[in-house]
Structures are given as structure tokens and as C-alpha cells.
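J.: My file is data-v4.txt. It has compact mmCIF, C-alpha atoms:
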```txt
# COMPACT_ATOMS: atom_id res chain seq x y z
CA MET A 1 -80.54 -11.03 89.76
CA LYS A 2 -77.66 -9.48 87.79
CA ILE A 3 -74.47 -8.00 89.22
CA THR A 4 -74.40 -4.29 88.40
CA ASP A 5 -71.50 -2.94 90.46
CA ILE A 6 -68.74 -3.97 92.86
CA ARG A 7 -67.35 -1.47 95.36
CA LEU A 8 -64.51 -1.68 97.86
CA GLY A 9 -64.03 -0.04 101.24
CA ILE A 10 -61.77 -0.19 104.28
CA LEU A 11 -63.08 -1.34 107.66
CA SER A 12 -60.88 -0.35 110.61
CA VAL A 13 -61.57 -1.76 114.09
CA PRO A 14 -59.22 -1.55 117.11
CA LEU A 15 -58.46 -4.70 119.09
CA ARG A 16 -59.08 -5.08 122.82
CA VAL A 17 -55.40 -5.93 123.33
CA PRO A 18 -52.48 -6.36 120.87
CA PHE A 19 -52.46 -9.71 119.03
CA LYS A 20 -49.02 -11.36 119.13
CA THR A 21 -47.83 -14.53 117.41
CA ALA A 22 -44.48 -15.96 116.34
CA LEU A 23 -45.00 -14.21 112.98
CA ARG A 24 -46.45 -10.76 113.77
CA GLN A 25 -48.00 -8.24 116.17
CA VAL A 26 -51.23 -6.37 115.35
CA ASP A 27 -53.22 -3.79 117.34
CA HIS A 28 -56.17 -3.25 115.00
CA VAL A 29 -58.09 -4.88 112.17
CA GLU A 30 -57.97 -3.00 108.87
CA ASP A 31 -59.66 -5.10 106.20
CA VAL A 32 -60.93 -4.65 102.67
CA ILE A 33 -64.72 -4.89 102.36
CA CYS A 34 -66.33 -5.95 99.09
CA GLU A 35 -69.92 -4.94 98.30
CA ILE A 36 -71.55 -6.57 95.27
CA PHE A 37 -74.64 -4.70 94.04
CA THR A 38 -77.43 -6.16 91.92
CA ASP A 39 -80.31 -4.95 89.77
CA SER A 40 -82.76 -6.29 92.40
CA GLY A 41 -81.40 -3.93 95.05
CA GLU A 42 -79.77 -6.72 97.09
CA VAL A 43 -76.17 -6.24 98.23
CA GLY A 44 -73.76 -9.04 99.07
CA TYR A 45 -70.92 -8.46 101.55
CA GLY A 46 -67.43 -9.93 101.74
CA GLU A 47 -64.23 -9.18 103.65
CA ALA A 48 -60.52 -9.75 103.06
CA PRO A 49 -57.85 -9.14 105.73
CA PRO A 50 -54.35 -8.22 104.50
CA THR A 51 -52.32 -11.01 106.16
CA GLY A 52 -49.11 -10.82 104.19
CA ALA A 53 -47.15 -12.97 106.65
CA VAL A 54 -49.51 -15.92 106.01
CA THR A 55 -51.34 -15.52 102.69
CA GLY A 56 -49.03 -13.01 101.00
CA ASP A 57 -52.05 -10.75 100.44
CA THR A 58 -51.47 -7.08 101.28
CA THR A 59 -54.14 -4.38 101.05
CA GLY A 60 -52.70 -3.26 97.72
CA ALA A 61 -52.70 -6.80 96.37
CA ILE A 62 -56.32 -7.39 97.39
CA VAL A 63 -57.48 -4.11 95.85
CA GLY A 64 -55.41 -4.76 92.72
CA ALA A 65 -56.90 -8.23 92.24
CA PHE A 66 -60.40 -6.76 92.37
CA ARG A 67 -59.68 -3.81 90.10
CA SER A 68 -57.68 -5.70 87.47
CA HIS A 69 -59.47 -9.07 87.46
CA ILE A 70 -62.42 -9.80 89.74
CA ILE A 71 -64.68 -6.80 89.05
CA LYS A 72 -64.64 -7.21 85.27
CA THR A 73 -65.04 -10.98 85.61
CA LEU A 74 -68.22 -10.78 87.70
CA THR A 75 -69.98 -7.57 86.65
CA GLY A 76 -73.00 -8.10 84.40
CA ARG A 77 -73.38 -11.78 85.24
CA ASP A 78 -76.43 -13.48 86.74
CA VAL A 79 -76.13 -14.61 90.38
CA ASP A 80 -78.24 -17.69 89.61
CA ASP A 81 -75.51 -18.96 87.25
CA PHE A 82 -73.67 -19.81 90.42
CA GLU A 83 -71.33 -22.62 89.39
CA ASP A 84 -70.20 -20.63 86.35
CA LEU A 85 -69.60 -17.60 88.57
CA MET A 86 -67.49 -19.62 90.99
CA LYS A 87 -65.42 -21.17 88.21
CA ALA A 88 -64.88 -17.75 86.66
CA LEU A 89 -63.89 -16.21 90.00
CA GLN A 90 -61.40 -18.92 90.90
CA GLY A 91 -59.88 -18.86 87.41
CA CYS A 92 -59.64 -15.11 86.79
CA VAL A 93 -56.35 -14.63 88.66
CA VAL A 94 -53.71 -16.95 90.14
CA HIS A 95 -53.33 -17.01 93.95
CA ASN A 96 -54.85 -13.87 95.59
CA SER A 97 -56.88 -16.16 97.85
CA SER A 98 -58.10 -13.42 100.21
CA ALA A 99 -59.54 -11.27 97.42
CA LYS A 100 -61.25 -14.32 95.93
CA THR A 101 -62.65 -15.19 99.35
CA ALA A 102 -64.23 -11.76 99.79
CA ALA A 103 -65.95 -12.06 96.41
CA ASP A 104 -66.88 -15.70 97.04
CA MET A 105 -68.70 -14.95 100.31
CA ALA A 106 -70.49 -11.94 98.79
CA LEU A 107 -71.72 -14.20 95.98
CA TYR A 108 -72.92 -16.86 98.45
CA ASP A 109 -74.64 -14.07 100.37
CA LEU A 110 -76.49 -12.98 97.20
CA TYR A 111 -77.32 -16.54 96.16
CA GLY A 112 -78.90 -17.23 99.54
CA ARG A 113 -80.83 -13.97 99.36
CA LEU A 114 -82.03 -14.81 95.85
CA HIS A 115 -83.47 -18.13 97.00
CA GLY A 116 -84.57 -16.98 100.46
CA ILE A 117 -82.37 -19.36 102.45
CA PRO A 118 -79.49 -18.84 104.91
CA VAL A 119 -76.15 -20.04 103.59
CA TYR A 120 -75.62 -22.58 106.39
CA LYS A 121 -78.80 -24.36 105.32
CA LEU A 122 -77.77 -24.10 101.68
CA LEU A 123 -74.53 -25.93 102.59
CA GLY A 124 -75.99 -28.60 104.86
CA GLY A 125 -77.72 -27.07 107.87
CA SER A 126 -76.30 -29.27 110.63
CA ARG A 127 -76.72 -26.90 113.62
CA ARG A 128 -77.39 -23.30 114.65
CA GLN A 129 -74.95 -22.88 117.53
CA ILE A 130 -71.22 -23.46 117.92
CA VAL A 131 -68.63 -22.78 120.63
CA THR A 132 -65.29 -21.14 119.87
CA ASP A 133 -61.98 -21.10 121.65
CA ILE A 134 -60.15 -17.81 122.29
CA THR A 135 -56.55 -16.94 121.47
CA ILE A 136 -53.94 -16.12 124.12
CA SER A 137 -51.13 -14.09 122.53
CA VAL A 138 -47.42 -14.72 123.03
CA ASN A 139 -46.15 -12.74 126.03
CA PRO A 140 -44.10 -13.38 129.18
CA PRO A 141 -45.46 -16.42 131.09
CA GLU A 142 -47.05 -14.44 133.91
CA GLU A 143 -48.88 -12.14 131.48
CA MET A 144 -50.17 -15.11 129.47
CA ALA A 145 -51.42 -16.68 132.72
CA ARG A 146 -53.33 -13.48 133.53
CA ASP A 147 -54.80 -13.35 130.02
CA ALA A 148 -55.83 -16.99 130.28
CA GLN A 149 -57.57 -16.41 133.60
CA ASN A 150 -59.38 -13.41 132.16
CA ALA A 151 -60.65 -15.59 129.29
CA VAL A 152 -61.85 -18.29 131.70
CA ASP A 153 -63.58 -15.62 133.80
CA ARG A 154 -65.42 -14.58 130.62
CA GLY A 155 -66.70 -18.12 130.18
CA TYR A 156 -64.20 -19.72 127.79
CA ASP A 157 -63.34 -23.36 128.39
CA THR A 158 -60.94 -23.80 125.46
CA LEU A 159 -57.82 -21.66 124.99
CA LYS A 160 -55.63 -21.47 121.90
CA VAL A 161 -52.24 -20.43 123.22
CA LYS A 162 -49.68 -18.91 120.86
CA VAL A 163 -46.13 -20.22 121.23
CA GLY A 164 -42.92 -20.24 119.20
CA ALA A 165 -41.65 -16.67 119.55
CA ASP A 166 -38.97 -17.94 121.96
CA PRO A 167 -38.93 -21.77 121.98
CA SER A 168 -36.83 -21.89 125.15
CA LEU A 169 -39.75 -20.29 127.02
CA ASP A 170 -42.61 -22.24 125.45
CA THR A 171 -42.92 -24.94 128.10
CA ALA A 172 -42.72 -22.31 130.84
CA ARG A 173 -45.48 -20.30 129.13
CA LEU A 174 -47.77 -23.31 128.95
CA ALA A 175 -46.96 -24.38 132.51
CA ALA A 176 -47.89 -20.91 133.79
CA VAL A 177 -51.19 -20.99 131.90
CA ARG A 178 -52.03 -24.52 133.07
CA ARG A 179 -51.25 -23.70 136.71
CA GLN A 180 -53.47 -20.64 136.49
CA VAL A 181 -56.55 -22.19 134.86
CA GLY A 182 -56.38 -25.74 136.22
CA ASN A 183 -57.07 -29.01 134.42
CA GLY A 184 -60.70 -28.33 133.52
CA VAL A 185 -59.81 -26.03 130.61
CA ARG A 186 -58.74 -27.38 127.20
CA ILE A 187 -55.49 -25.94 125.87
CA ARG A 188 -54.56 -25.95 122.20
CA ILE A 189 -51.26 -24.44 121.05
CA ASP A 190 -50.29 -22.74 117.81
CA ALA A 191 -46.62 -22.50 116.86
CA ASN A 192 -47.24 -20.65 113.58
CA GLN A 193 -44.46 -22.59 111.77
CA ALA A 194 -41.84 -21.59 114.37
CA TRP A 195 -40.13 -24.93 115.07
CA GLY A 196 -38.09 -27.51 113.23
CA ALA A 197 -39.47 -31.04 113.16
CA LYS A 198 -37.16 -32.64 115.75
CA GLN A 199 -37.34 -29.51 117.90
CA ALA A 200 -41.15 -29.68 117.78
CA VAL A 201 -41.19 -33.31 118.92
CA ARG A 202 -38.83 -32.53 121.80
CA ILE A 203 -40.86 -29.51 122.97
CA LEU A 204 -44.22 -31.24 122.62
CA ASN A 205 -43.12 -34.35 124.47
CA GLU A 206 -41.63 -32.17 127.22
CA MET A 207 -44.99 -30.46 127.57
CA GLN A 208 -46.87 -33.72 127.81
CA ASP A 209 -44.30 -35.21 130.22
CA ALA A 210 -44.85 -32.13 132.39
CA GLY A 211 -48.56 -32.94 132.54
CA LEU A 212 -49.68 -29.88 130.59
CA GLY A 213 -52.43 -31.79 128.78
CA ILE A 214 -52.15 -30.21 125.31
CA GLU A 215 -55.17 -31.09 123.12
CA LEU A 216 -53.43 -30.38 119.79
CA VAL A 217 -50.63 -28.38 118.20
CA GLU A 218 -51.30 -26.22 115.17
CA GLN A 219 -48.68 -25.99 112.39
CA PRO A 220 -45.52 -26.76 114.38
CA VAL A 221 -43.19 -26.61 111.33
CA PRO A 222 -42.83 -24.41 108.21
CA ALA A 223 -45.71 -24.73 105.75
CA ALA A 224 -43.65 -26.28 102.96
CA ASP A 225 -42.07 -28.93 105.19
CA ILE A 226 -44.60 -31.71 104.69
CA ASP A 227 -42.03 -34.38 105.56
CA GLY A 228 -41.32 -32.52 108.80
CA LEU A 229 -45.02 -32.24 109.53
CA ARG A 230 -45.38 -36.00 109.06
CA TYR A 231 -42.36 -36.61 111.33
CA VAL A 232 -44.00 -34.59 114.13
CA THR A 233 -47.30 -36.39 113.59
CA GLU A 234 -45.58 -39.77 113.86
CA HIS A 235 -43.34 -39.00 116.84
CA ALA A 236 -45.03 -36.41 119.06
CA ASP A 237 -47.49 -37.24 121.83
CA VAL A 238 -49.73 -34.35 120.75
CA PRO A 239 -52.15 -34.50 117.76
CA VAL A 240 -51.02 -32.28 114.88
CA LEU A 241 -53.29 -29.82 113.06
CA ALA A 242 -52.16 -28.70 109.59
CA ASP A 243 -52.88 -25.02 108.98
CA GLU A 244 -50.52 -22.99 106.77
CA SER A 245 -49.66 -26.21 104.90
CA VAL A 246 -53.25 -26.32 103.58
CA PHE A 247 -54.23 -23.54 101.19
CA SER A 248 -56.17 -25.52 98.60
CA PRO A 249 -58.17 -28.74 98.24
CA GLN A 250 -55.09 -30.17 96.50
CA ASP A 251 -52.94 -29.31 99.53
CA ALA A 252 -55.46 -30.99 101.80
CA LEU A 253 -55.41 -34.14 99.67
CA ARG A 254 -51.61 -34.26 99.81
CA ILE A 255 -51.70 -34.03 103.62
CA LEU A 256 -54.49 -36.59 103.88
CA GLU A 257 -52.97 -39.10 101.46
CA SER A 258 -49.57 -38.98 103.18
CA HIS A 259 -51.03 -38.98 106.72
CA ALA A 260 -48.90 -35.92 107.46
CA ALA A 261 -51.33 -34.51 110.05
CA ASP A 262 -54.06 -35.72 112.39
CA LEU A 263 -56.45 -32.85 111.63
CA ILE A 264 -56.98 -30.17 108.98
CA ASN A 265 -57.59 -26.47 109.64
CA ILE A 266 -59.91 -24.80 107.12
CA LYS A 267 -59.49 -21.05 106.73
CA LEU A 268 -61.50 -19.27 104.08
CA MET A 269 -58.74 -16.73 103.41
CA LYS A 270 -56.27 -19.45 102.53
CA CYS A 271 -58.45 -21.56 100.26
CA GLY A 272 -60.34 -18.86 98.33
CA GLY A 273 -63.73 -19.02 100.03
CA LEU A 274 -66.68 -21.25 100.84
CA TYR A 275 -66.63 -22.95 97.43
CA ASN A 276 -63.19 -24.50 97.97
CA ALA A 277 -63.62 -24.90 101.73
CA GLN A 278 -66.45 -27.36 101.10
CA LYS A 279 -64.13 -29.44 98.93
CA ILE A 280 -61.56 -29.59 101.74
CA ALA A 281 -64.25 -30.62 104.23
CA THR A 282 -65.49 -33.34 101.90
CA ALA A 283 -61.98 -34.71 101.32
CA ALA A 284 -61.31 -34.79 105.06
CA GLU A 285 -64.60 -36.57 105.67
CA LEU A 286 -63.71 -39.24 103.11
CA TYR A 287 -60.40 -39.85 104.91
CA GLY A 288 -62.06 -39.90 108.34
CA VAL A 289 -60.14 -36.80 109.45
CA GLU A 290 -61.82 -34.10 111.55
CA CYS A 291 -61.46 -30.40 110.77
CA MET A 292 -61.09 -27.16 112.62
CA ILE A 293 -62.59 -23.98 111.17
CA GLY A 294 -60.29 -21.04 111.81
CA CYS A 295 -59.88 -17.40 110.89
CA MET A 296 -57.17 -14.83 110.46
CA LEU A 297 -57.42 -11.68 112.52
CA GLU A 298 -60.73 -10.67 110.90
CA ALA A 299 -63.82 -8.66 111.70
CA LYS A 300 -67.35 -10.03 111.69
CA VAL A 301 -68.20 -10.07 107.97
CA SER A 302 -65.79 -12.82 106.98
CA VAL A 303 -65.90 -14.71 110.29
CA ASN A 304 -69.68 -14.76 109.90
CA ALA A 305 -69.25 -16.64 106.61
CA ALA A 306 -67.02 -19.18 108.38
CA VAL A 307 -69.73 -19.59 111.03
CA HIS A 308 -72.19 -20.59 108.29
CA LEU A 309 -69.76 -23.26 107.04
CA ALA A 310 -69.16 -24.53 110.58
CA CYS A 311 -72.89 -24.78 111.18
CA ALA A 312 -73.31 -26.73 107.93
CA LYS A 313 -70.65 -29.45 108.22
CA GLN A 314 -70.41 -32.10 110.95
CA VAL A 315 -66.80 -32.92 109.99
CA ILE A 316 -65.89 -29.52 111.48
CA THR A 317 -65.56 -30.46 115.13
CA ARG A 318 -63.33 -27.66 116.47
CA ILE A 319 -64.05 -23.95 116.24
CA ASP A 320 -61.48 -21.14 116.27
CA LEU A 321 -63.58 -18.13 115.26
CA ASP A 322 -62.69 -15.56 117.91
CA GLY A 323 -61.89 -12.65 115.58
CA PRO A 324 -64.97 -10.56 116.43
CA VAL A 325 -64.59 -10.99 120.20
CA LEU A 326 -60.96 -9.84 119.97
CA CYS A 327 -62.22 -6.54 118.49
CA SER A 328 -63.17 -3.66 120.79
CA GLU A 329 -66.33 -2.85 118.80
CA ASP A 330 -68.65 -4.39 116.21
CA PRO A 331 -69.61 -2.06 113.34
CA VAL A 332 -71.44 -4.81 111.42
CA ASP A 333 -75.24 -4.94 111.52
CA GLY A 334 -76.78 -8.41 111.28
CA GLY A 335 -75.09 -11.76 110.85
CA ALA A 336 -74.18 -14.27 113.52
CA VAL A 337 -74.49 -13.33 117.18
CA PHE A 338 -71.21 -13.60 119.14
CA ARG A 339 -71.71 -13.90 122.90
CA GLU A 340 -68.14 -14.61 123.98
CA LYS A 341 -67.61 -18.38 123.32
CA ASP A 342 -71.20 -18.98 122.13
CA ILE A 343 -71.95 -18.20 118.49
CA THR A 344 -75.45 -18.43 116.96
CA VAL A 345 -75.90 -18.30 113.20
CA SER A 346 -78.53 -16.03 111.67
CA ASP A 347 -81.59 -17.51 109.96
CA GLU A 348 -81.90 -14.50 107.65
CA PRO A 349 -81.41 -15.26 103.93
CA GLY A 350 -77.85 -15.29 102.66
CA LEU A 351 -75.23 -14.47 105.26
CA GLY A 352 -77.56 -12.11 107.11
CA ILE A 353 -75.39 -8.97 107.01
CA ARG A 354 -77.53 -5.83 106.72
CA GLY A 355 -74.88 -3.12 106.65
CA ILE A 356 -71.50 -1.90 107.90
CA ARG A 357 -71.02 1.31 109.83
CA GLY A 358 -67.91 3.48 109.41
CA LEU A 359 -66.82 1.94 106.11
CA ARG A 360 -64.26 4.12 104.31
CA PRO A 361 -64.94 3.92 100.56
CA LEU A 362 -62.09 3.17 98.18
CA THR A 363 -62.19 4.90 94.80
CA PHE A 364 -60.19 3.89 91.76
CA GLY A 365 -57.95 6.86 92.28
CA ALA A 366 -57.22 5.94 95.91
```
Turn this file's structure into C-alpha cells for me.

T.:
Amino acid sequence: MKITDIRLGILSVPLRVPFKTALRQVDHVEDVICEIFTDSGEVGYGEAPPTGAVTGDTTGAIVGAFRSHIIKTLTGRDVDDFEDLMKALQGCVVHNSSAKTAADMALYDLYGRLHGIPVYKLLGGSRRQIVTDITISVNPPEEMARDAQNAVDRGYDTLKVKVGADPSLDTARLAAVRRQVGNGVRIRIDANQAWGAKQAVRILNEMQDAGLGIELVEQPVPAADIDGLRYVTEHADVPVLADESVFSPQDALRILESHAADLINIKLMKCGGLYNAQKIATAAELYGVECMIGCMLEAKVSVNAAVHLACAKQVITRIDLDGPVLCSEDPVDGGAVFREKDITVSDEPGLGIRGIRGLRPLTFGA
């Protein structure tokens, strides 16, 4: 199975409600789709969201990485030479992790199709079903409480609550959510790098002293502040999950070796795809550290690939793959089935995507 062509398109999907964090506000998903064509007629699908505030990857950067580096690196090569393909992909351009991820998942899709096996079984095959949390955006406390109740009414028992946009209100936000949903619902919080280390410890301990029962805090300090991350881990009463601090397997090792976090968040768009994500999972397993699998604000193609990884690896114990259920429609045929919190992986070969409706092609002149 040889790669004959690689085409790009834009997938645009409106969200149910605006997505608000300490870093940004978004009202629709507009991602780059990669289609890798082969001489056997099989097509592999990948997706890359432009999340400049986190990865630095804009739409133009993603398209440029494909046009200037990735397409010429992969075209004409045999899908069965998989390790060589992965090495070539990761080495053809520095950074550009989202573009590499889109190509990586399309290649895994094709490799699974070639050998007639779903990717989750190719990677380990631990389970077929997982349960995700759902994100509650940063808003006034009473609005967040309403959003949390709506999520619980839809069947969610774990909420990931965004905080950090106004630290003076964070405890009030969480208190409003906890009062509304009661103690039977797990609450995780995500500060998106918004706090300083000592500020984070003060806020987190205030929350726990108030009986808010926070399960974990995601990336409380800026990504580069590993010493600050370790300080929060050592002094806060809430377990710390490293997210933006972990882009690569090397980053993960630095966090693990220095005990700078209690858990590691794996996101395909940060690490360059399934190939590197497996390395992070293996390193975490060796250190006895559990992982979360997360996503950016993405549609179903790329989140589906993350589902396959989650269903393959037992070290991934927490799931934050709510991207598709935050969208108001699903233009992707095939792949995992998302029924609110319950996600079931497809047993079709590869990643199971059969097609994408409403894709806007990108030409080289676009």
C-alpha cells in the first residue's frame, strides 16, 4: 500500500455554547483535515485544530507544514514501512506538533486498514468502552452552576471546571457548582496556567478547606515553570496534573524524574500523535504515574484517535475527550460512538472513519 496523494481540507462545526477558558473563547471548531490516499484505494484521515494559544499552531502554520515538509516526506512511501514513516514524519520539521499529529493518525488509520485490525487493538486492546468528563466553561458563578446542572442532567458524573480567568472568583465559582450538583459528582479543575505557584497553593487549599472536594487541578502554573509546578505538587492538598508542561516524551520524563506532578495529561496535538503518546504512556507506567487522555477543542476525527489510545492503555485512567459532544453536529461518518459520557470504540479496521461531510477542500493556491 503506497501513499499516492495527500489532500487538506477545512472542517467547520459550531459549538453548542461558547467555550471559555483563562486563555481564550471559541464558538466553533474550524480544523484542518488531512486525507492520505493510497494506490489500494484506502484513505486515512487525520485532524489538526489551530490552537495557537497552547500549541502555537495556527491554520496557516499547519497548512504550511504539510505543503513545505510533510507531503513530500510521505508521498510515494509504503505504509507497511511504518517505523521508517514515523521517524521521517517526526524528523521532517521542527515543532509543528498539530500538523504531525494529523499525519500520524492518518498513517495509523492506514496501517490498521492494511492489516485488518482496529488501532486500539494494534496498540494494546485493553477495553472497548470509556467514560469521559465534560468541560464547564469559565463564566459567572451562577451561570457555571446552571451549566453544571445541565451536564449532570445529561448523565455526566465528572465535571472539568475551567477556572483562572479571575482568581478572586475561583473559589466562589467552584462553591456555586458544588452546591448545585451535590457531593456525588466528581469535580476536576483546569487553571490553564493562570496562577503563580504560591497563589495556586493558597487557592487550592482554600477550596479544600471549604469542602469543595476537588479531585485534581490541571496545569495550575505557566508551562515553563517546572519548579513552580513541583512547589504546588508538594504543598497543595489537591493532586496536580501536568498538561501544557508536557509536549514531548522528554518533557514527560523531566516531570516524572523530578516528581513535579502527580499525574500526566497526554494530548495528541501537543506530542505529535499516537507514536509519541505511547512513549509518554510507557514512561508514566514505569514511574507508577497514572495518565489522563485529553483533547483540545477538536471534532470527532482526532478525538476518535485519542479514544483508540485510551482503549489500548490501562495507565490512562482518566478521560477528558468531550470535544465531539461540545459540537452542535457530527459531520464524521464512522469512528467511535459518543453517547454523552459513554464512548465506545469502533471495531472496524484502522480508526474506523468512513468519510467527512461538508469538508471544504484546500488547494495550493488557497

J.: Between atom CA of A:His28 and atom CA of A:Cys295, what is the distance in Å, rounded to a tenth?

T.: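 Calculated distance between atom CA of A:His28 and atom CA of A:Cys295 is 15.2 Å.
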
J.: Restricting the calculation to only C-alpha atoms, which member of A:Gly228, A:Gly112, A:Gly60, A:Pro140 is positioned closest to A:Ala305?

T.: A:Gly112

J.: Please list as a list of chain:residue names every residue within 9 Å of stretch 298-300 of chain A, counting all atoms listed in the file and excluding residues in the same chain fewer than 5 positions away.

T.: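 Non-adjacent residues within range: A:Leu11, A:Ser12, A:Val13, A:Val29, A:Glu30, A:Asp31, A:Glu47, A:Ala48, A:Pro49, A:Ala305, A:Asp322, A:Gly323, A:Pro324, A:Val325, A:Leu326, A:Cys327, A:Asp330, A:Pro331, A:Val332, A:Gly335, A:Ala336.
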
J.: Mind running stretch 180-234 of chain A against stretch 256-267 of chain A at 7 Å and telling me each contacting residue's nearest atom pair with the distance in Å (one decimal), counting only C-alpha atoms, chain and number ascending, as a Markdown table?

T.:
```
| residue | atom | partner | partner_atom | distance |
| --- | --- | --- | --- | --- |
| A:Ile226 | CA | A:Ala260 | CA | 6.6 |
| A:Leu229 | CA | A:Ala260 | CA | 5.7 |
| A:Arg230 | CA | A:Ala260 | CA | 3.9 |
| A:Thr233 | CA | A:Ala261 | CA | 5.7 |
```

J.: Considering all atoms listed in the file, can you say which of A:Gln250, A:Thr73, A:Thr158, A:Thr282 comes closest to A:Arg178?

T.: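 Nearest candidate to A:Arg178 out of A:Gln250, A:Thr73, A:Thr158, A:Thr282: A:Thr158.
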
J.: Just checking: using only C-alpha atoms, which residue out of A:Gly76, A:Gly91, A:Gly124, A:Pro14 ends up closest to A:Phe37?

T.: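 Checking each candidate against A:Phe37, we get A:Gly76 as the closest.
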
J.: Determine, counting all atoms listed in the file, which protein, DNA and RNA residues have an atom within 6 Å of an atom of A:Ile33; residues of the same chain fewer than 5 positions away are not included. Present the result as a list in words.

T.: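 The neighbour list is Leu8, Gly9, Ile10, Gly46 and Glu47 of chain A.
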
J.: Looking at only C-alpha atoms, which of A:Ala61, A:Ala283, A:Ile356, A:Met207 is the one that sits closest to A:Asp170?

T.: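 So, comparing all the options, the nearest one is A:Met207.
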
J.: Just give me the gap between atom CA of A:Asn139 and atom CA of A:Phe338 in Å, one decimal is fine.

T.: 26.0 Å

J.: Quick check, in Å to one decimal: how far apart do atom CA of A:Cys311 and atom CA of A:Arg186 lie?

T.: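 Here the two named atoms are 21.5 Å from each other.
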
J.: Nearest to A:Arg154: which of A:Glu244, A:Asp133, A:Glu142, A:Asp27 is it, counting all atoms listed in the file?

T.: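 Distance minimum relative to A:Arg154 lands on A:Asp133.
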
J.: Wanna dump the stretch 247-290 of chain A-stretch 53-59 of chain A contacts at 10 Å for me, each residue with its shortest atom pair and the distance in Å to one decimal, counting only C-alpha atoms, ordered by chain and number, as JSON lines?

T.:
```
{"residue": "A:Phe247", "atom": "CA", "partner": "A:Thr55", "partner_atom": "CA", "distance": 8.7}
{"residue": "A:Met269", "atom": "CA", "partner": "A:Thr55", "partner_atom": "CA", "distance": 7.5}
{"residue": "A:Lys270", "atom": "CA", "partner": "A:Thr55", "partner_atom": "CA", "distance": 6.3}
{"residue": "A:Cys271", "atom": "CA", "partner": "A:Thr55", "partner_atom": "CA", "distance": 9.6}
```

J.: Of the candidates A:Lys2, A:Glu206, A:Glu218, A:Gly350, which one gets nearest to A:Val161 if we count all atoms listed in the file?

T.: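 Answer, going by the shortest atom-to-atom distance: A:Glu218.
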
J.: List every protein, DNA or RNA residue with an atom no more than 8 Å from (-48.0, -28.5, 117.2) in the file's coordinates, counting only C-alpha atoms, and format the result as a ChimeraX atom specification.

T.: /A:189-191,200,204,216-221,232,238-241

J.: So for stretch 331-336 of chain A, what box centre and size do we get, axis-aligned, 3 Å extra on each of the six sides, every listed atom, Å to one decimal, as JSON?

T.:
```
{"center_x": -73.2, "center_y": -8.2, "center_z": 112.2, "size_x": 13.2, "size_y": 18.2, "size_z": 8.7}
```
